[in-house]
Amino acid sequence: MADWQDGHWLSKDGLRLHYRDYPASARSRRPPILCIPGLTRNARDFAAVADRLAGKYRVIVAELRGRGRSERAKDPMSYVPATYLEDLTALIEQRALDRFILFGTSLGGILSMLIAATHPGKVAGMLLNDIGPAIDPAGLARIRVYVGKSGSYPTWLHAARSLADVHKAAYPDYKLDQWLEMAKRLCRLTDAGRIVSDYDSAIAEPFRVPGNESAGDLWPLVDALKPFPSLLIRGGLSDIISAETADRMTAELPLLERIDLPRIGHAPTLFEPESEAAIDRLLARVAKA
């Protein structure tokens, strides 16, 4: 595993938020990669990506408020994209990130598009992991069923089996060891020796209000993605981004590469061989841009 340092920044409303900072080598002149996880995810979700790219690139993996080691919000209604965007803007400003590449999974991809629209000229490239400007209502309905309902498990095996029950349609070929790996990315061990989800269950409160999950109509943001190379990785079984949405994105974004991964739903892990090869192509295009 690549070494990282724990970093922190302050939100506008005074929360102490956390990120992992994987350094680049002293010789690297490449723009840093800012990774933004999905709704219920944390910095461990990008560990494999960072392990592979650190050294060549500085990789910063932000944890949104209420996730991982970031402080929980006093007001649960601040768990919305507009506030997350404010938080990430504070990170960009406080760490003086002048030009960077964005990797965003699901909600992290929505925030990546918002950052590109509000920080013109700063984004050098973008990876959107199973997300686009339109979200399939079926996927939102599925997420609303489980988000915020954090179980408590006596062992990692129990947690893995619970995840398999919830997400088996998205990963039909997963074996037990892969579910265990997922459990260790999504969950944490408490001081009492129990396994729980590594996020504040209160994130579900605003998410249950229609519109709070996507920040409204995002199609106007597509224009902000046109100046730089981008990559869309879509799960072939995804219930979040439809093939039709991906087709329209491909038509409207001349610098977008799209790959679809068979027998994977929401969301790809980004350490599939096809994903790694596509990420390498994206970074090569950014270097030439």
# chains A, B, ... in the order shown; residues from 1 in each chain; ligands from 1
$ closest_atom_pairs --of "segment 131-170 of chain A" --to "segment 174-180 of chain A" --cutoff "10 Å" --atoms "only C-alpha atoms" --output "tab-separated table"
residue	atom	partner	partner_atom	distance
A:Trp156	CA	A:Leu180	CA	6.7
A:Leu157	CA	A:Leu180	CA	6.6
A:His158	CA	A:Leu180	CA	9.2
A:Ala159	CA	A:Leu180	CA	7.8
A:Ala160	CA	A:Leu180	CA	5.0
A:Arg161	CA	A:Trp179	CA	7.2
A:Ser162	CA	A:Trp179	CA	9.2
A:Leu163	CA	A:Trp179	CA	7.0
A:Ala164	CA	A:Trp179	CA	6.4
A:His167	CA	A:Trp179	CA	9.6
A:Lys168	CA	A:Tyr174	CA	7.8
A:Ala170	CA	A:Tyr174	CA	9.3
$ residues_around --residues "Asn42 of chain A" --least-positions-apart "5" --cutoff "7 Å" --atoms "only C-alpha atoms" --output "mmCIF file with all heavy atoms, in the first residue's frame"
data_model
loop_
_atom_site.group_PDB
_atom_site.id
_atom_site.type_symbol
_atom_site.label_atom_id
_atom_site.label_comp_id
_atom_site.auth_asym_id
_atom_site.auth_seq_id
_atom_site.Cartn_x
_atom_site.Cartn_y
_atom_site.Cartn_z
ATOM 1 N N PRO A 37 -15.587 10.431 -3.201
ATOM 2 C CA PRO A 37 -16.380 9.190 -3.121
ATOM 3 C C PRO A 37 -17.879 9.433 -3.234
ATOM 4 O O PRO A 37 -18.358 10.574 -3.245
ATOM 5 C CB PRO A 37 -16.017 8.636 -1.733
ATOM 6 C CG PRO A 37 -14.779 9.366 -1.308
ATOM 7 C CD PRO A 37 -14.877 10.714 -1.951
ATOM 8 N N GLU A 63 -12.983 13.105 2.129
ATOM 9 C CA GLU A 63 -14.123 12.466 2.769
ATOM 10 C C GLU A 63 -15.176 13.544 3.042
ATOM 11 O O GLU A 63 -14.904 14.534 3.739
ATOM 12 C CB GLU A 63 -13.711 11.776 4.071
ATOM 13 C CG GLU A 63 -12.848 10.551 3.804
ATOM 14 C CD GLU A 63 -12.576 9.701 5.017
ATOM 15 O OE1 GLU A 63 -12.258 10.265 6.091
ATOM 16 O OE2 GLU A 63 -12.649 8.464 4.899
ATOM 17 N N ARG A 67 -18.707 11.396 6.753
ATOM 18 C CA ARG A 67 -18.161 10.122 6.268
ATOM 19 C C ARG A 67 -16.767 9.921 6.837
ATOM 20 O O ARG A 67 -15.985 10.869 6.974
ATOM 21 C CB ARG A 67 -18.071 10.088 4.748
ATOM 22 C CG ARG A 67 -19.408 9.833 4.043
ATOM 23 C CD ARG A 67 -20.257 11.025 4.023
ATOM 24 N NE ARG A 67 -21.306 10.934 2.994
ATOM 25 C CZ ARG A 67 -22.207 11.873 2.800
ATOM 26 N NH1 ARG A 67 -22.193 12.995 3.509
ATOM 27 N NH2 ARG A 67 -23.126 11.725 1.862
ATOM 28 N N GLY A 68 -16.416 8.660 7.089
ATOM 29 C CA GLY A 68 -15.064 8.346 7.513
ATOM 30 C C GLY A 68 -14.639 9.163 8.715
ATOM 31 O O GLY A 68 -15.322 9.218 9.738
#
$ residues_around --residues "segment 112-115 of chain A" --least-positions-apart "3" --cutoff "12 Å" --atoms "only C-alpha atoms" --output "NGL selection string"
:A and (33-38 or 62 or 81-92 or 99-109 or 118-129 or 131-133 or 214-226 or 230)
$ residues_around --residues "segment 244-249 of chain A" --least-positions-apart "2" --cutoff "8 Å" --atoms "only C-alpha atoms" --output "MDAnalysis selection string"
chainID A and resid 132:134 222 232 241:242 251:253 256 258
$ write_last_selection --atoms "N, CA, C and O atoms" --output "PDB file, in the first residue's frame"
ATOM      1  N   GLY A 132     -24.039  10.501 -14.361  1.00  0.00           N
ATOM      2  CA  GLY A 132     -24.151  11.474 -15.432  1.00  0.00           C
ATOM      3  C   GLY A 132     -25.110  12.571 -15.035  1.00  0.00           C
ATOM      4  O   GLY A 132     -25.530  12.658 -13.871  1.00  0.00           O
ATOM      5  N   PRO A 133     -25.519  13.409 -15.985  1.00  0.00           N
ATOM      6  CA  PRO A 133     -26.392  14.534 -15.665  1.00  0.00           C
ATOM      7  C   PRO A 133     -27.833  14.130 -15.349  1.00  0.00           C
ATOM      8  O   PRO A 133     -28.596  14.945 -14.829  1.00  0.00           O
ATOM      9  N   ALA A 134     -28.226  12.901 -15.705  1.00  0.00           N
ATOM     10  CA  ALA A 134     -29.562  12.398 -15.395  1.00  0.00           C
ATOM     11  C   ALA A 134     -29.431  11.096 -14.623  1.00  0.00           C
ATOM     12  O   ALA A 134     -28.608  10.241 -14.972  1.00  0.00           O
ATOM     13  N   VAL A 222     -23.025  20.089 -18.634  1.00  0.00           N
ATOM     14  CA  VAL A 222     -22.219  19.321 -19.591  1.00  0.00           C
ATOM     15  C   VAL A 222     -21.271  20.221 -20.373  1.00  0.00           C
ATOM     16  O   VAL A 222     -20.138  19.838 -20.684  1.00  0.00           O
ATOM     17  N   LEU A 232     -16.017   8.330 -18.933  1.00  0.00           N
ATOM     18  CA  LEU A 232     -17.194   7.788 -18.266  1.00  0.00           C
ATOM     19  C   LEU A 232     -17.041   6.280 -18.175  1.00  0.00           C
ATOM     20  O   LEU A 232     -16.933   5.594 -19.192  1.00  0.00           O
ATOM     21  N   ILE A 241     -27.188   5.288 -14.086  1.00  0.00           N
ATOM     22  CA  ILE A 241     -27.015   5.984 -15.364  1.00  0.00           C
ATOM     23  C   ILE A 241     -27.424   5.036 -16.485  1.00  0.00           C
ATOM     24  O   ILE A 241     -26.856   3.952 -16.648  1.00  0.00           O
ATOM     25  N   SER A 242     -28.412   5.449 -17.242  1.00  0.00           N
ATOM     26  CA  SER A 242     -28.925   4.606 -18.315  1.00  0.00           C
ATOM     27  C   SER A 242     -28.008   4.656 -19.530  1.00  0.00           C
ATOM     28  O   SER A 242     -27.198   5.584 -19.686  1.00  0.00           O
ATOM     29  N   ALA A 251     -22.357  11.888 -27.258  1.00  0.00           N
ATOM     30  CA  ALA A 251     -22.638  12.742 -28.409  1.00  0.00           C
ATOM     31  C   ALA A 251     -22.296  14.203 -28.144  1.00  0.00           C
ATOM     32  O   ALA A 251     -21.862  14.917 -29.047  1.00  0.00           O
ATOM     33  N   GLU A 252     -22.487  14.647 -26.894  1.00  0.00           N
ATOM     34  CA  GLU A 252     -22.301  16.066 -26.575  1.00  0.00           C
ATOM     35  C   GLU A 252     -20.883  16.416 -26.137  1.00  0.00           C
ATOM     36  O   GLU A 252     -20.526  17.596 -26.125  1.00  0.00           O
ATOM     37  N   LEU A 253     -20.089  15.396 -25.785  1.00  0.00           N
ATOM     38  CA  LEU A 253     -18.744  15.669 -25.263  1.00  0.00           C
ATOM     39  C   LEU A 253     -17.705  15.028 -26.182  1.00  0.00           C
ATOM     40  O   LEU A 253     -17.403  13.837 -26.080  1.00  0.00           O
ATOM     41  N   LEU A 256     -14.851  12.962 -24.554  1.00  0.00           N
ATOM     42  CA  LEU A 256     -15.243  11.915 -23.598  1.00  0.00           C
ATOM     43  C   LEU A 256     -14.992  10.531 -24.174  1.00  0.00           C
ATOM     44  O   LEU A 256     -15.411  10.230 -25.294  1.00  0.00           O
ATOM     45  N   ARG A 258     -15.926   6.595 -23.284  1.00  0.00           N
ATOM     46  CA  ARG A 258     -16.894   5.829 -22.481  1.00  0.00           C
ATOM     47  C   ARG A 258     -16.570   4.354 -22.560  1.00  0.00           C
ATOM     48  O   ARG A 258     -16.295   3.831 -23.642  1.00  0.00           O
TER      49      ARG A 258
END
$ residues_around --residues "Tyr22 of chain A" --least-positions-apart "5" --cutoff "8 Å" --atoms "only C-alpha atoms" --output "CSV table (one decimal) with N, CA, C and O atoms, in the first residue's frame"
chain,number,residue,atom,x,y,z
A,2,ALA,N,0.4,2.2,-0.8
A,2,ALA,CA,1.2,3.5,-0.8
A,2,ALA,C,1.0,4.2,0.5
A,2,ALA,O,-0.1,4.1,1.1
A,3,ASP,N,2.0,5.0,0.9
A,3,ASP,CA,1.9,5.8,2.1
A,3,ASP,C,1.0,7.0,1.8
A,3,ASP,O,1.0,7.6,0.7
A,4,TRP,N,0.3,7.5,2.9
A,4,TRP,CA,-0.4,8.7,2.8
A,4,TRP,C,-0.3,9.4,4.1
A,4,TRP,O,0.0,8.9,5.1
A,5,GLN,N,-0.6,10.7,4.0
A,5,GLN,CA,-0.7,11.5,5.2
A,5,GLN,C,-2.2,11.9,5.4
A,5,GLN,O,-2.9,12.1,4.5
A,50,ALA,N,-5.4,5.0,-5.6
A,50,ALA,CA,-4.3,5.8,-5.1
A,50,ALA,C,-3.0,4.9,-5.0
A,50,ALA,O,-1.9,5.4,-5.3
A,54,ALA,N,-0.2,6.8,-6.9
A,54,ALA,CA,0.6,7.7,-6.1
A,54,ALA,C,2.1,7.6,-6.5
A,54,ALA,O,2.6,6.5,-6.9
A,55,GLY,N,2.8,8.6,-6.3
A,55,GLY,CA,4.2,8.7,-6.7
A,55,GLY,C,4.3,9.4,-8.1
A,55,GLY,O,4.9,10.5,-8.2
A,58,ARG,N,0.2,13.2,-7.2
A,58,ARG,CA,-0.4,13.4,-5.9
A,58,ARG,C,-1.8,13.1,-6.0
A,58,ARG,O,-2.6,13.6,-6.8
A,59,VAL,N,-2.3,12.2,-5.0
A,59,VAL,CA,-3.7,11.8,-5.0
A,59,VAL,C,-4.3,12.3,-3.7
A,59,VAL,O,-3.8,11.9,-2.6
A,60,ILE,N,-5.3,13.1,-3.8
A,60,ILE,CA,-6.0,13.6,-2.6
A,60,ILE,C,-7.4,13.0,-2.6
A,60,ILE,O,-8.2,13.1,-3.6
$ select_by_dssp --residues "segment 95-192 of chain A" --states "strand (DSSP E)" --output "list in words"
Phe100, Ile101, Leu102, Phe103, Gly104, Thr105, Val123, Ala124, Gly125, Met126, Leu127, Leu128, Asn129, Ser152, Tyr153, Cys187, Arg188 and Leu189 of chain A
$ select_by_dssp --residues "segment 33-282 of chain A" --states "helix (DSSP H, G or I)" --output "ChimeraX atom specification"
/A:43-53,76-78,81-94,107-118,137-146,156-167,176-186,201-207,219-225,243-252,273-282
$ residues_around --residues "Ala73 of chain A" --least-positions-apart "5" --cutoff "12 Å" --atoms "only C-alpha atoms" --output "JSON, numbers by chain"
{"A": [11, 12, 13, 14, 15, 16, 17, 64, 65, 66, 67, 78, 79, 80, 83, 84, 87, 199, 200, 201, 202, 203]}
